[in-house]
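Participant: Below you will find the structure I want to go over with you.
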Amino acid sequence: MPWREIKAIKPWAESAEAATRPFDVPIFSGSEVVDRLKAFQQNRTSEQNYMAMYSSVLDGITTDPAAMVIPMDDHMVHRGHGVFDTAAILDGHLYELEQHLDRFLRSASMAKIRLPFDRSTIRSMLIQTVSASKCSLGSLRYWLSAGPGDFQLSPSDCPNPALYAVVVEAKSLPTPKGCKVITSTVPMKSRQFAVMKNVNYLPNALSKMEAEEHGAFAGIWLDDEGFVAEGPNMNAGFVTRTKELIMPYFDKILSGCTAKRVMVLGQKLVEDGRLGGIKLGNVTVQEGKMADEMMLIGSGIVVKPVLQWDDQIIGSGQEGPIAQALFDLIIEDMRSGPSTVRTPVPY
Ligand SMILES: Cc1ncc(COP(=O)(O)O)c(C=O)c1O
């Protein structure tokens with residue numbers, strides 16, 4: 001049965017007629033499921049192309065998006081017992097793979113997820129997945145899970161933890177276009193869960209949705225002391241009136257690989273006098289809103305200037321020169337940085 005016909009059966013009418021209707025949910029054989037999954041992929045309206053997936057359950061890689069599935073009884077699916085990380089792919093290189101891998105393994109340890117393989121094997125599998133994808137611009141996303149096994153809470157009967165990785169193609173690089181942010185009213189995660197990149201991104205997704213409902217790009221979380229924390233998938237940075245770049249301490253938030261790299265590369269702006277210094281520190285809402293520049297920093301957006309926070313216009317209300325310069329420095333680093341941040345993919 002074609003996909004469209006199945007969709008037409010739903011949603012169920014809430015009526016007496018529906019209650020007495022004979023069972024009409026189709027039951028598929030394994031091969032019919034494969035056909036249905038293919039039809040589902042063909043009917044996807046998303047712009048994103050999935051180029052390859054590695055699964056330790058399959059013990060291999062597939063380039064067929066219809067086959068990029070994980071078992072329902074995987075504890076990452078039904079208990080959120082998983083961690084993940086990413087790395088950008090540009091010009092056939094993975095950017096900051098080692099730094100993201102370090103955080104990935106730290107997250108796994110905090111989530112008490114055993115490693116299915118040692119670090120160098122995980123690294124090799126990730127690179128092989130990008131190689132199989134033939135993707136030269138996009139992102140690699142990867143997960144470690146307590147693994148499939150049952151629908152209990154404890155993973156004690158999951159025989160093996162699982163590793164999954166997906167390569168998603170990008171059409172173009174991000175641009176440093178200014179945006180608006182709001183203060184998020186969705187509570188942020190407590191320190192224990194905010195510092196590890198675990199798959200519980202429900203608060204993050206709700207915060208993003210709240211921002212979109214207000215015509216904003218992202219919500220900014222404040223920590224339990226009222227200081228600026230982070231966005232739902234990015235860090236925040238501020239250029240003060242005295243030209244200092246300040247980013248919130250990483251002790252209650254995710255320690256961003258891009259933000260850390262910005263701190264290193266930004267020294268160039270200190271040397272040429274465009275910045276007076278770069279530091280981590282507490283930033284109050286008042287200080288943040290009065291900053292010369294505010295920016296969001298993360299591997300998906302690189303460096304994105306903030307032009308307005310709630311009702312407050314930031315600085316001149318235009319994209320600022322420091323955010324632009326930091327964006328350019330990261331892109332240059334992605335294209336021609338040292339081997340410590342660029343891992344070549346042998347296609
Ligand atoms: C909550 C959160 N904070 C910050 C970041 C930025 O981290 P990175 O620069 O490593 O992408 C992310 C990235 O996804 C995130 O999810």
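Following the order of the structure tokens, chains are lettered A, B, ..., residues in each are numbered from 1, and ligands are numbered from 1.
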Collect all residues with atoms no farther than 7 Å from ligand 1, counting only C-alpha atoms and all ligand atoms, and output them as JSON, numbers by chain.
Facilitator: {"A": [100, 194, 197, 230, 231, 232, 233, 234, 235, 253, 254, 255, 256, 257, 258, 259, 297, 298, 299, 300]}
Participant: Quick one: residues within 9 Å of Phe327 of chain A, only C-alpha atoms, excluding same-chain residues fewer than 6 positions away - as a ChimeraX atom specification?
Facilitator: /A:175-176,262,302-304
Participant: Run DSSP on the backbone and tell me which residues of segment 6-205 of chain A come out as strand (DSSP E); list them as a ChimeraX atom specification.
Facilitator: /A:49-55,60-62,82-90,93-95,137-145,162-169,179-183
Participant: Please dump the current selection as a CSV table (one decimal), in the first residue's frame; keep N, CA and C atoms.
Facilitator:
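As written to disk, again.csv reads:
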```csv
chain,number,residue,atom,x,y,z
A,49,ASN,N,20.1,16.2,3.8
A,49,ASN,CA,20.4,14.9,3.1
A,49,ASN,C,21.2,14.0,4.1
A,50,TYR,N,20.8,12.8,4.3
A,50,TYR,CA,21.6,11.9,5.2
A,50,TYR,C,22.5,11.1,4.3
A,51,MET,N,23.8,11.2,4.4
A,51,MET,CA,24.7,10.6,3.4
A,51,MET,C,25.2,9.3,3.8
A,52,ALA,N,25.3,9.0,5.1
A,52,ALA,CA,25.8,7.7,5.6
A,52,ALA,C,25.5,7.5,7.1
A,53,MET,N,25.4,6.3,7.5
A,53,MET,CA,25.2,6.0,8.9
A,53,MET,C,26.0,4.8,9.3
A,54,TYR,N,26.7,4.9,10.4
A,54,TYR,CA,27.4,3.8,11.0
A,54,TYR,C,26.5,3.3,12.2
A,55,SER,N,26.4,2.0,12.4
A,55,SER,CA,25.7,1.5,13.5
A,55,SER,C,26.5,0.2,14.0
A,60,GLY,N,28.4,-2.0,10.8
A,60,GLY,CA,28.8,-1.5,9.5
A,60,GLY,C,28.2,-0.2,9.2
A,61,ILE,N,28.3,0.2,7.9
A,61,ILE,CA,27.9,1.5,7.4
A,61,ILE,C,26.8,1.3,6.3
A,62,THR,N,25.8,2.1,6.3
A,62,THR,CA,24.9,2.1,5.1
A,62,THR,C,24.8,3.6,4.6
A,82,GLY,N,21.7,8.2,26.7
A,82,GLY,CA,22.7,8.3,25.6
A,82,GLY,C,23.3,9.6,25.6
A,83,VAL,N,24.5,9.7,25.0
A,83,VAL,CA,25.2,11.0,24.9
A,83,VAL,C,25.6,11.2,23.4
A,84,PHE,N,25.9,12.4,23.0
A,84,PHE,CA,26.2,12.6,21.6
A,84,PHE,C,27.2,13.7,21.4
A,85,ASP,N,27.7,13.9,20.2
A,85,ASP,CA,28.5,15.0,19.9
A,85,ASP,C,28.5,15.2,18.4
A,86,THR,N,29.3,16.1,17.9
A,86,THR,CA,29.2,16.5,16.5
A,86,THR,C,30.6,16.9,16.0
A,87,ALA,N,30.8,17.0,14.8
A,87,ALA,CA,32.0,17.7,14.2
A,87,ALA,C,31.6,18.2,12.8
A,88,ALA,N,32.1,19.4,12.5
A,88,ALA,CA,31.8,19.9,11.2
A,88,ALA,C,32.7,19.3,10.1
A,89,ILE,N,32.2,19.2,8.9
A,89,ILE,CA,33.0,18.7,7.8
A,89,ILE,C,33.1,19.8,6.8
A,90,LEU,N,34.3,20.2,6.5
A,90,LEU,CA,34.6,21.2,5.5
A,90,LEU,C,35.8,20.9,4.6
A,93,HIS,N,37.7,17.7,5.5
A,93,HIS,CA,38.3,17.6,6.8
A,93,HIS,C,37.3,17.7,7.9
A,94,LEU,N,37.5,17.0,9.0
A,94,LEU,CA,36.7,17.1,10.2
A,94,LEU,C,37.3,18.2,11.0
A,95,TYR,N,36.5,19.1,11.5
A,95,TYR,CA,37.0,20.2,12.3
A,95,TYR,C,36.9,19.9,13.8
A,137,LEU,N,31.1,18.8,2.7
A,137,LEU,CA,30.6,19.9,3.5
A,137,LEU,C,29.3,19.5,4.2
A,138,GLY,N,29.4,19.5,5.5
A,138,GLY,CA,28.2,19.1,6.3
A,138,GLY,C,28.6,18.8,7.8
A,139,SER,N,27.9,17.9,8.4
A,139,SER,CA,28.3,17.6,9.8
A,139,SER,C,28.2,16.1,10.1
A,140,LEU,N,29.1,15.7,11.0
A,140,LEU,CA,29.1,14.4,11.5
A,140,LEU,C,28.4,14.4,12.9
A,141,ARG,N,27.4,13.6,13.1
A,141,ARG,CA,26.8,13.5,14.4
A,141,ARG,C,26.9,12.1,14.9
A,142,TYR,N,27.2,11.9,16.2
A,142,TYR,CA,27.4,10.6,16.7
A,142,TYR,C,27.0,10.4,18.1
A,143,TRP,N,26.5,9.2,18.4
A,143,TRP,CA,25.9,8.9,19.7
A,143,TRP,C,26.5,7.7,20.4
A,144,LEU,N,26.6,7.7,21.7
A,144,LEU,CA,26.9,6.5,22.4
A,144,LEU,C,25.7,6.2,23.3
A,145,SER,N,25.2,5.0,23.3
A,145,SER,CA,24.0,4.6,24.0
A,145,SER,C,24.3,3.5,24.9
A,162,ALA,N,26.0,0.9,22.5
A,162,ALA,CA,25.9,1.0,21.0
A,162,ALA,C,26.6,2.4,20.6
A,163,LEU,N,27.2,2.3,19.4
A,163,LEU,CA,27.7,3.6,18.8
A,163,LEU,C,26.9,3.8,17.5
A,164,TYR,N,26.4,5.0,17.3
A,164,TYR,CA,25.8,5.3,16.0
A,164,TYR,C,26.4,6.6,15.5
A,165,ALA,N,26.5,6.8,14.2
A,165,ALA,CA,27.0,8.0,13.6
A,165,ALA,C,26.3,8.3,12.3
A,166,VAL,N,26.0,9.5,12.0
A,166,VAL,CA,25.3,9.9,10.8
A,166,VAL,C,26.0,11.1,10.2
A,167,VAL,N,26.1,11.1,8.9
A,167,VAL,CA,26.7,12.3,8.2
A,167,VAL,C,25.5,13.0,7.5
A,168,VAL,N,25.4,14.3,7.8
A,168,VAL,CA,24.3,15.1,7.2
A,168,VAL,C,25.0,16.2,6.3
A,169,GLU,N,24.6,16.2,5.1
A,169,GLU,CA,25.1,17.2,4.1
A,169,GLU,C,24.6,18.6,4.4
A,179,CYS,N,20.9,38.4,14.8
A,179,CYS,CA,19.7,37.7,15.2
A,179,CYS,C,19.2,38.4,16.5
A,180,LYS,N,17.9,38.0,16.8
A,180,LYS,CA,17.3,38.4,18.1
A,180,LYS,C,17.3,37.2,19.1
A,181,VAL,N,17.5,37.5,20.3
A,181,VAL,CA,17.3,36.4,21.3
A,181,VAL,C,16.4,36.9,22.4
A,182,ILE,N,15.8,36.0,23.2
A,182,ILE,CA,15.0,36.3,24.3
A,182,ILE,C,15.5,35.6,25.5
A,183,THR,N,15.1,36.0,26.7
A,183,THR,CA,15.5,35.3,27.9
A,183,THR,C,14.5,34.1,28.0
```
Participant: For Asp224 of chain A, list every protein, DNA or RNA residue within 10 Å, evaluated using only C-alpha atoms, and leave out those in the same chain fewer than 3 positions away; present the list as a short mmCIF file (atom, residue, chain, number, x, y, z; two decimals) with N, CA, C and O atoms, in the first residue's frame.
Facilitator:
```
data_model
loop_
_atom_site.label_atom_id
_atom_site.label_comp_id
_atom_site.auth_asym_id
_atom_site.auth_seq_id
_atom_site.Cartn_x
_atom_site.Cartn_y
_atom_site.Cartn_z
N PRO A 187 13.00 26.26 32.19
CA PRO A 187 14.12 26.08 33.14
C PRO A 187 15.30 25.36 32.50
O PRO A 187 15.10 24.44 31.70
N MET A 188 16.50 25.83 32.81
CA MET A 188 17.68 25.16 32.26
C MET A 188 18.02 23.92 33.07
O MET A 188 17.55 23.75 34.20
N SER A 190 20.06 21.28 35.36
CA SER A 190 20.95 21.46 36.50
C SER A 190 22.38 21.18 36.05
O SER A 190 22.60 20.52 35.03
N ARG A 191 23.32 21.67 36.84
CA ARG A 191 24.74 21.57 36.50
C ARG A 191 25.15 20.16 36.04
O ARG A 191 25.79 19.99 35.02
N TRP A 221 19.54 31.20 28.50
CA TRP A 221 19.29 30.73 29.86
C TRP A 221 20.11 31.53 30.87
O TRP A 221 21.27 31.87 30.61
N PHE A 227 23.07 34.72 36.53
CA PHE A 227 24.06 35.08 35.52
C PHE A 227 23.73 34.43 34.18
O PHE A 227 23.05 33.39 34.14
N VAL A 228 24.24 35.02 33.10
CA VAL A 228 24.04 34.46 31.77
C VAL A 228 24.67 33.06 31.73
O VAL A 228 25.81 32.88 32.18
N ALA A 229 23.92 32.09 31.21
CA ALA A 229 24.45 30.72 31.12
C ALA A 229 24.80 30.40 29.67
O ALA A 229 25.95 30.55 29.25
N LYS A 252 28.73 25.36 34.77
CA LYS A 252 27.31 24.96 34.87
C LYS A 252 26.69 24.74 33.50
O LYS A 252 25.48 24.57 33.39
#
```
Participant: Here is a test: counting only C-alpha atoms, which residue of A:Val57, A:Val264, A:Ile220, A:Val270 is nearest to Pro71 of chain A?
Facilitator: A:Val57
Participant: Please return, as JSON, numbers by chain, all residues of segment 100-235 of chain A that DSSP assigns to helix (DSSP H, G or I) on the basis of the backbone.
Facilitator: {"A": [100, 101, 102, 103, 104, 105, 106, 107, 108, 109, 110, 119, 120, 121, 122, 123, 124, 125, 126, 127, 128, 129, 130, 131, 132, 133, 155, 156, 157, 191, 192, 193, 194, 202, 203, 204, 205, 206, 207, 208, 209, 210, 211, 212, 213]}
Participant: Mind writing the picked residues with N, CA and C atoms as a compact mmCIF listing (two decimals), in the first residue's frame?
Facilitator:
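Wrote it out as out.txt, contents follow:
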```txt
# COMPACT_ATOMS: atom_id res chain seq x y z
N HIS A 100 36.02 17.38 20.14
CA HIS A 100 34.65 16.88 20.31
C HIS A 100 34.66 15.45 20.86
N LEU A 101 35.64 14.66 20.39
CA LEU A 101 35.74 13.27 20.88
C LEU A 101 36.05 13.23 22.37
N ASP A 102 36.94 14.13 22.81
CA ASP A 102 37.27 14.21 24.24
C ASP A 102 35.99 14.45 25.04
N ARG A 103 35.19 15.43 24.58
CA ARG A 103 33.95 15.76 25.31
C ARG A 103 32.96 14.60 25.24
N PHE A 104 32.91 13.94 24.09
CA PHE A 104 32.01 12.79 23.88
C PHE A 104 32.31 11.69 24.91
N LEU A 105 33.60 11.39 25.07
CA LEU A 105 33.98 10.31 25.99
C LEU A 105 33.78 10.75 27.45
N ARG A 106 33.99 12.03 27.71
CA ARG A 106 33.71 12.56 29.06
C ARG A 106 32.21 12.44 29.37
N SER A 107 31.38 12.81 28.38
CA SER A 107 29.92 12.72 28.56
C SER A 107 29.53 11.26 28.82
N ALA A 108 30.12 10.34 28.05
CA ALA A 108 29.78 8.91 28.21
C ALA A 108 30.13 8.44 29.62
N SER A 109 31.28 8.89 30.10
CA SER A 109 31.70 8.48 31.44
C SER A 109 30.73 9.04 32.49
N MET A 110 30.32 10.32 32.34
CA MET A 110 29.37 10.91 33.30
C MET A 110 28.02 10.21 33.24
N ARG A 119 38.95 4.41 22.15
CA ARG A 119 38.86 5.72 21.50
C ARG A 119 39.33 5.69 20.05
N SER A 120 40.47 5.03 19.79
CA SER A 120 41.00 5.09 18.43
C SER A 120 40.10 4.32 17.46
N THR A 121 39.43 3.27 17.94
CA THR A 121 38.51 2.53 17.06
C THR A 121 37.27 3.40 16.78
N ILE A 122 36.76 4.06 17.82
CA ILE A 122 35.60 4.96 17.61
C ILE A 122 35.98 6.03 16.58
N ARG A 123 37.15 6.62 16.77
CA ARG A 123 37.62 7.67 15.87
C ARG A 123 37.71 7.15 14.45
N SER A 124 38.27 5.97 14.29
CA SER A 124 38.42 5.39 12.96
C SER A 124 37.05 5.13 12.32
N MET A 125 36.12 4.64 13.12
CA MET A 125 34.78 4.37 12.57
C MET A 125 34.09 5.66 12.13
N LEU A 126 34.29 6.72 12.88
CA LEU A 126 33.69 8.00 12.50
C LEU A 126 34.28 8.49 11.18
N ILE A 127 35.60 8.40 11.07
CA ILE A 127 36.25 8.87 9.83
C ILE A 127 35.82 8.00 8.64
N GLN A 128 35.72 6.68 8.87
CA GLN A 128 35.28 5.80 7.78
C GLN A 128 33.85 6.12 7.35
N THR A 129 33.02 6.53 8.31
CA THR A 129 31.63 6.87 7.97
C THR A 129 31.60 8.11 7.08
N VAL A 130 32.43 9.10 7.41
CA VAL A 130 32.49 10.31 6.57
C VAL A 130 33.05 9.94 5.20
N SER A 131 34.04 9.08 5.18
CA SER A 131 34.62 8.66 3.90
C SER A 131 33.56 7.98 3.03
N ALA A 132 32.78 7.08 3.62
CA ALA A 132 31.74 6.36 2.86
C ALA A 132 30.67 7.32 2.35
N SER A 133 30.47 8.42 3.10
CA SER A 133 29.41 9.38 2.73
C SER A 133 29.80 10.23 1.52
N PRO A 155 20.19 -0.40 32.63
CA PRO A 155 20.77 -1.01 31.43
C PRO A 155 21.50 -2.32 31.72
N SER A 156 21.27 -2.89 32.93
CA SER A 156 22.08 -4.04 33.33
C SER A 156 21.89 -5.25 32.41
N ASP A 157 20.74 -5.29 31.72
CA ASP A 157 20.55 -6.42 30.80
C ASP A 157 20.73 -6.03 29.34
N ARG A 191 23.32 21.67 36.84
CA ARG A 191 24.74 21.57 36.50
C ARG A 191 25.15 20.16 36.04
N GLN A 192 24.72 19.15 36.80
CA GLN A 192 25.14 17.77 36.50
C GLN A 192 24.78 17.36 35.08
N PHE A 193 23.62 17.81 34.61
CA PHE A 193 23.16 17.38 33.29
C PHE A 193 23.51 18.38 32.19
N ALA A 194 23.80 19.63 32.58
CA ALA A 194 24.14 20.64 31.57
C ALA A 194 25.58 20.49 31.08
N LEU A 202 15.11 17.99 25.63
CA LEU A 202 13.74 18.51 25.67
C LEU A 202 13.71 19.97 26.15
N PRO A 203 14.41 20.30 27.26
CA PRO A 203 14.43 21.73 27.65
C PRO A 203 14.98 22.61 26.53
N ASN A 204 16.00 22.10 25.82
CA ASN A 204 16.62 22.88 24.75
C ASN A 204 15.64 23.08 23.60
N ALA A 205 14.93 22.01 23.25
CA ALA A 205 13.96 22.10 22.14
C ALA A 205 12.82 23.05 22.52
N LEU A 206 12.35 22.96 23.76
CA LEU A 206 11.25 23.84 24.19
C LEU A 206 11.70 25.30 24.24
N SER A 207 12.95 25.50 24.65
CA SER A 207 13.48 26.86 24.70
C SER A 207 13.59 27.43 23.28
N LYS A 208 14.03 26.61 22.35
CA LYS A 208 14.13 27.06 20.94
C LYS A 208 12.73 27.38 20.41
N MET A 209 11.76 26.53 20.73
CA MET A 209 10.39 26.77 20.24
C MET A 209 9.83 28.06 20.82
N GLU A 210 10.13 28.28 22.11
CA GLU A 210 9.64 29.51 22.75
C GLU A 210 10.23 30.73 22.03
N ALA A 211 11.52 30.63 21.70
CA ALA A 211 12.17 31.74 20.99
C ALA A 211 11.49 31.97 19.64
N GLU A 212 11.27 30.89 18.91
CA GLU A 212 10.65 31.02 17.58
C GLU A 212 9.25 31.63 17.70
N GLU A 213 8.53 31.26 18.76
CA GLU A 213 7.18 31.83 18.96
C GLU A 213 7.25 33.36 19.16
```
Participant: Have a look at A:Ala66, A:Ala216, A:Ala111, A:Val283 and name the one nearest to Leu307 of chain A; count only C-alpha atoms.
Facilitator: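 Closest candidate: A:Ala216.
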Participant: One decimal, Å: what's the distance from atom CA of Met68 of chain A over to atom CA of Asp24 of chain A, could you say?
Facilitator: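 Computed distance, atom CA of Met68 of chain A to atom CA of Asp24 of chain A, equals 27.8 Å.
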Participant: In Å, rounded to a single decimal, give me how far atom CA of Asp251 of chain A is from atom CA of Val239 of chain A.
Facilitator: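 Between these atoms lies a distance of 20.7 Å.
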Participant: I want to know what sits within 10 Å of Ala325 of chain A, based on only C-alpha atoms, with residues of the same chain fewer than 3 positions away left out; could you give that as a JSON list (two decimals) with N, CA and C atoms, in the first residue's frame?
Facilitator:
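Output saved as part_26.json:
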```json
[["chain", "number", "residue", "atom", "x", "y", "z"],
["A", 176, "PRO", "N", 27.42, 35.09, 9.17],
["A", 176, "PRO", "CA", 27.37, 35.82, 10.45],
["A", 176, "PRO", "C", 26.25, 36.88, 10.45],
["A", 266, "GLY", "N", 41.03, 34.32, 19.12],
["A", 266, "GLY", "CA", 40.74, 35.73, 19.39],
["A", 266, "GLY", "C", 41.95, 36.48, 19.92],
["A", 268, "LYS", "N", 44.53, 36.92, 18.52],
["A", 268, "LYS", "CA", 45.02, 37.74, 17.41],
["A", 268, "LYS", "C", 44.43, 39.16, 17.50],
["A", 269, "LEU", "N", 43.17, 39.23, 17.92],
["A", 269, "LEU", "CA", 42.51, 40.54, 18.03],
["A", 269, "LEU", "C", 43.03, 41.31, 19.24],
["A", 274, "ARG", "N", 42.42, 45.20, 18.73],
["A", 274, "ARG", "CA", 40.97, 45.31, 18.57],
["A", 274, "ARG", "C", 40.22, 44.86, 19.83],
["A", 303, "VAL", "N", 29.90, 31.82, 14.66],
["A", 303, "VAL", "CA", 29.73, 33.00, 15.54],
["A", 303, "VAL", "C", 28.58, 33.82, 14.95],
["A", 320, "GLY", "N", 28.41, 43.47, 14.74],
["A", 320, "GLY", "CA", 29.61, 44.18, 15.21],
["A", 320, "GLY", "C", 30.89, 43.64, 14.59],
["A", 321, "PRO", "N", 31.95, 44.45, 14.61],
["A", 321, "PRO", "CA", 33.21, 44.05, 13.97],
["A", 321, "PRO", "C", 33.91, 42.88, 14.66],
["A", 322, "ILE", "N", 33.75, 42.75, 15.99],
["A", 322, "ILE", "CA", 34.45, 41.65, 16.68],
["A", 322, "ILE", "C", 33.80, 40.31, 16.34],
["A", 328, "ASP", "N", 35.25, 35.06, 10.98],
["A", 328, "ASP", "CA", 36.25, 34.86, 9.92],
["A", 328, "ASP", "C", 37.43, 34.01, 10.40],
["A", 329, "LEU", "N", 37.85, 34.24, 11.65],
["A", 329, "LEU", "CA", 38.99, 33.48, 12.18],
["A", 329, "LEU", "C", 38.65, 31.98, 12.28],
["A", 330, "ILE", "N", 37.43, 31.67, 12.72],
["A", 330, "ILE", "CA", 37.05, 30.26, 12.83],
["A", 330, "ILE", "C", 36.95, 29.62, 11.44],
["A", 331, "ILE", "N", 36.34, 30.34, 10.49],
["A", 331, "ILE", "CA", 36.21, 29.77, 9.13],
["A", 331, "ILE", "C", 37.61, 29.54, 8.52]]
```
Participant: Considering only C-alpha atoms, state which residue in the set A:His81, A:Gly178, A:Val285, A:Asp91 is at the smallest distance from Glu332 of chain A.
Facilitator: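 Once distances to Glu332 of chain A are computed over only C-alpha atoms, the minimum belongs to A:Asp91.
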Participant: Kindly indicate which residue among A:Ala291, A:Met76, A:Leu37, A:Val341 lies nearest to Asn198 of chain A, using only C-alpha atoms for the distances.
Facilitator: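 Among the listed residues, the smallest separation from Asn198 of chain A belongs to A:Met76.
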Participant: At what distance in Å, to one decimal, does atom CA of Glu96 of chain A lie from atom CA of Arg261 of chain A?
Facilitator: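 According to the coordinates, atom CA of Arg261 of chain A and atom CA of Glu96 of chain A are separated by 9.1 Å.
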Participant: If you count only C-alpha atoms, which residues fall within 10 Å of Phe238 of chain A, apart from same-chain ones fewer than 5 positions away, as a VMD selection string?
Facilitator: chain A and resid 243 to 248 278 283 287 to 296 305 to 306 322 to 323
Participant: Could the residues in this selection be saved with N, CA and C atoms as a PDB file, in the first residue's frame?
Facilitator:
```
ATOM      1  N   LYS A 243      36.042  46.828  25.651  1.00  0.00           N
ATOM      2  CA  LYS A 243      36.586  45.956  24.588  1.00  0.00           C
ATOM      3  C   LYS A 243      37.189  44.650  25.114  1.00  0.00           C
ATOM      4  N   GLU A 244      36.564  44.135  26.164  1.00  0.00           N
ATOM      5  CA  GLU A 244      36.985  42.821  26.638  1.00  0.00           C
ATOM      6  C   GLU A 244      35.970  41.795  26.147  1.00  0.00           C
ATOM      7  N   LEU A 245      36.464  40.646  25.684  1.00  0.00           N
ATOM      8  CA  LEU A 245      35.540  39.573  25.295  1.00  0.00           C
ATOM      9  C   LEU A 245      35.328  38.678  26.519  1.00  0.00           C
ATOM     10  N   ILE A 246      34.075  38.564  26.971  1.00  0.00           N
ATOM     11  CA  ILE A 246      33.780  37.734  28.158  1.00  0.00           C
ATOM     12  C   ILE A 246      32.795  36.652  27.785  1.00  0.00           C
ATOM     13  N   MET A 247      33.099  35.436  28.246  1.00  0.00           N
ATOM     14  CA  MET A 247      32.158  34.323  28.081  1.00  0.00           C
ATOM     15  C   MET A 247      31.897  33.725  29.458  1.00  0.00           C
ATOM     16  N   PRO A 248      30.654  33.270  29.704  1.00  0.00           N
ATOM     17  CA  PRO A 248      30.348  32.686  31.011  1.00  0.00           C
ATOM     18  C   PRO A 248      31.231  31.463  31.320  1.00  0.00           C
ATOM     19  N   ILE A 278      40.607  38.726  26.754  1.00  0.00           N
ATOM     20  CA  ILE A 278      39.580  37.688  26.605  1.00  0.00           C
ATOM     21  C   ILE A 278      39.541  36.918  27.913  1.00  0.00           C
ATOM     22  N   VAL A 283      28.548  37.006  33.925  1.00  0.00           N
ATOM     23  CA  VAL A 283      27.965  38.140  33.194  1.00  0.00           C
ATOM     24  C   VAL A 283      26.528  38.308  33.675  1.00  0.00           C
ATOM     25  N   GLU A 287      24.763  43.676  32.467  1.00  0.00           N
ATOM     26  CA  GLU A 287      26.031  43.812  31.735  1.00  0.00           C
ATOM     27  C   GLU A 287      25.892  43.311  30.304  1.00  0.00           C
ATOM     28  N   GLY A 288      25.203  42.175  30.173  1.00  0.00           N
ATOM     29  CA  GLY A 288      25.025  41.588  28.839  1.00  0.00           C
ATOM     30  C   GLY A 288      24.259  42.514  27.917  1.00  0.00           C
ATOM     31  N   LYS A 289      23.181  43.081  28.451  1.00  0.00           N
ATOM     32  CA  LYS A 289      22.340  43.934  27.603  1.00  0.00           C
ATOM     33  C   LYS A 289      23.007  45.267  27.275  1.00  0.00           C
ATOM     34  N   MET A 290      23.966  45.669  28.113  1.00  0.00           N
ATOM     35  CA  MET A 290      24.669  46.937  27.882  1.00  0.00           C
ATOM     36  C   MET A 290      25.965  46.735  27.082  1.00  0.00           C
ATOM     37  N   ALA A 291      26.239  45.484  26.684  1.00  0.00           N
ATOM     38  CA  ALA A 291      27.507  45.209  25.992  1.00  0.00           C
ATOM     39  C   ALA A 291      27.548  45.912  24.646  1.00  0.00           C
ATOM     40  N   ASP A 292      28.771  46.119  24.159  1.00  0.00           N
ATOM     41  CA  ASP A 292      28.955  46.687  22.813  1.00  0.00           C
ATOM     42  C   ASP A 292      28.504  45.685  21.760  1.00  0.00           C
ATOM     43  N   GLU A 293      28.869  44.408  22.037  1.00  0.00           N
ATOM     44  CA  GLU A 293      28.463  43.341  21.129  1.00  0.00           C
ATOM     45  C   GLU A 293      28.084  42.115  21.951  1.00  0.00           C
ATOM     46  N   MET A 294      27.123  41.374  21.413  1.00  0.00           N
ATOM     47  CA  MET A 294      26.778  40.070  21.999  1.00  0.00           C
ATOM     48  C   MET A 294      26.792  39.088  20.844  1.00  0.00           C
ATOM     49  N   MET A 295      27.209  37.851  21.123  1.00  0.00           N
ATOM     50  CA  MET A 295      27.233  36.856  20.043  1.00  0.00           C
ATOM     51  C   MET A 295      26.925  35.471  20.579  1.00  0.00           C
ATOM     52  N   LEU A 296      26.399  34.635  19.693  1.00  0.00           N
ATOM     53  CA  LEU A 296      26.171  33.224  20.004  1.00  0.00           C
ATOM     54  C   LEU A 296      27.291  32.452  19.321  1.00  0.00           C
ATOM     55  N   PRO A 305      26.176  37.145  15.479  1.00  0.00           N
ATOM     56  CA  PRO A 305      25.944  38.367  16.264  1.00  0.00           C
ATOM     57  C   PRO A 305      24.501  38.440  16.752  1.00  0.00           C
ATOM     58  N   VAL A 306      24.327  38.979  17.966  1.00  0.00           N
ATOM     59  CA  VAL A 306      22.983  39.230  18.505  1.00  0.00           C
ATOM     60  C   VAL A 306      22.741  40.730  18.425  1.00  0.00           C
ATOM     61  N   ILE A 322      33.752  42.746  15.986  1.00  0.00           N
ATOM     62  CA  ILE A 322      34.453  41.650  16.683  1.00  0.00           C
ATOM     63  C   ILE A 322      33.797  40.309  16.340  1.00  0.00           C
ATOM     64  N   ALA A 323      32.476  40.273  16.356  1.00  0.00           N
ATOM     65  CA  ALA A 323      31.785  39.021  16.000  1.00  0.00           C
ATOM     66  C   ALA A 323      32.163  38.615  14.582  1.00  0.00           C
TER      67      ALA A 323
END
```
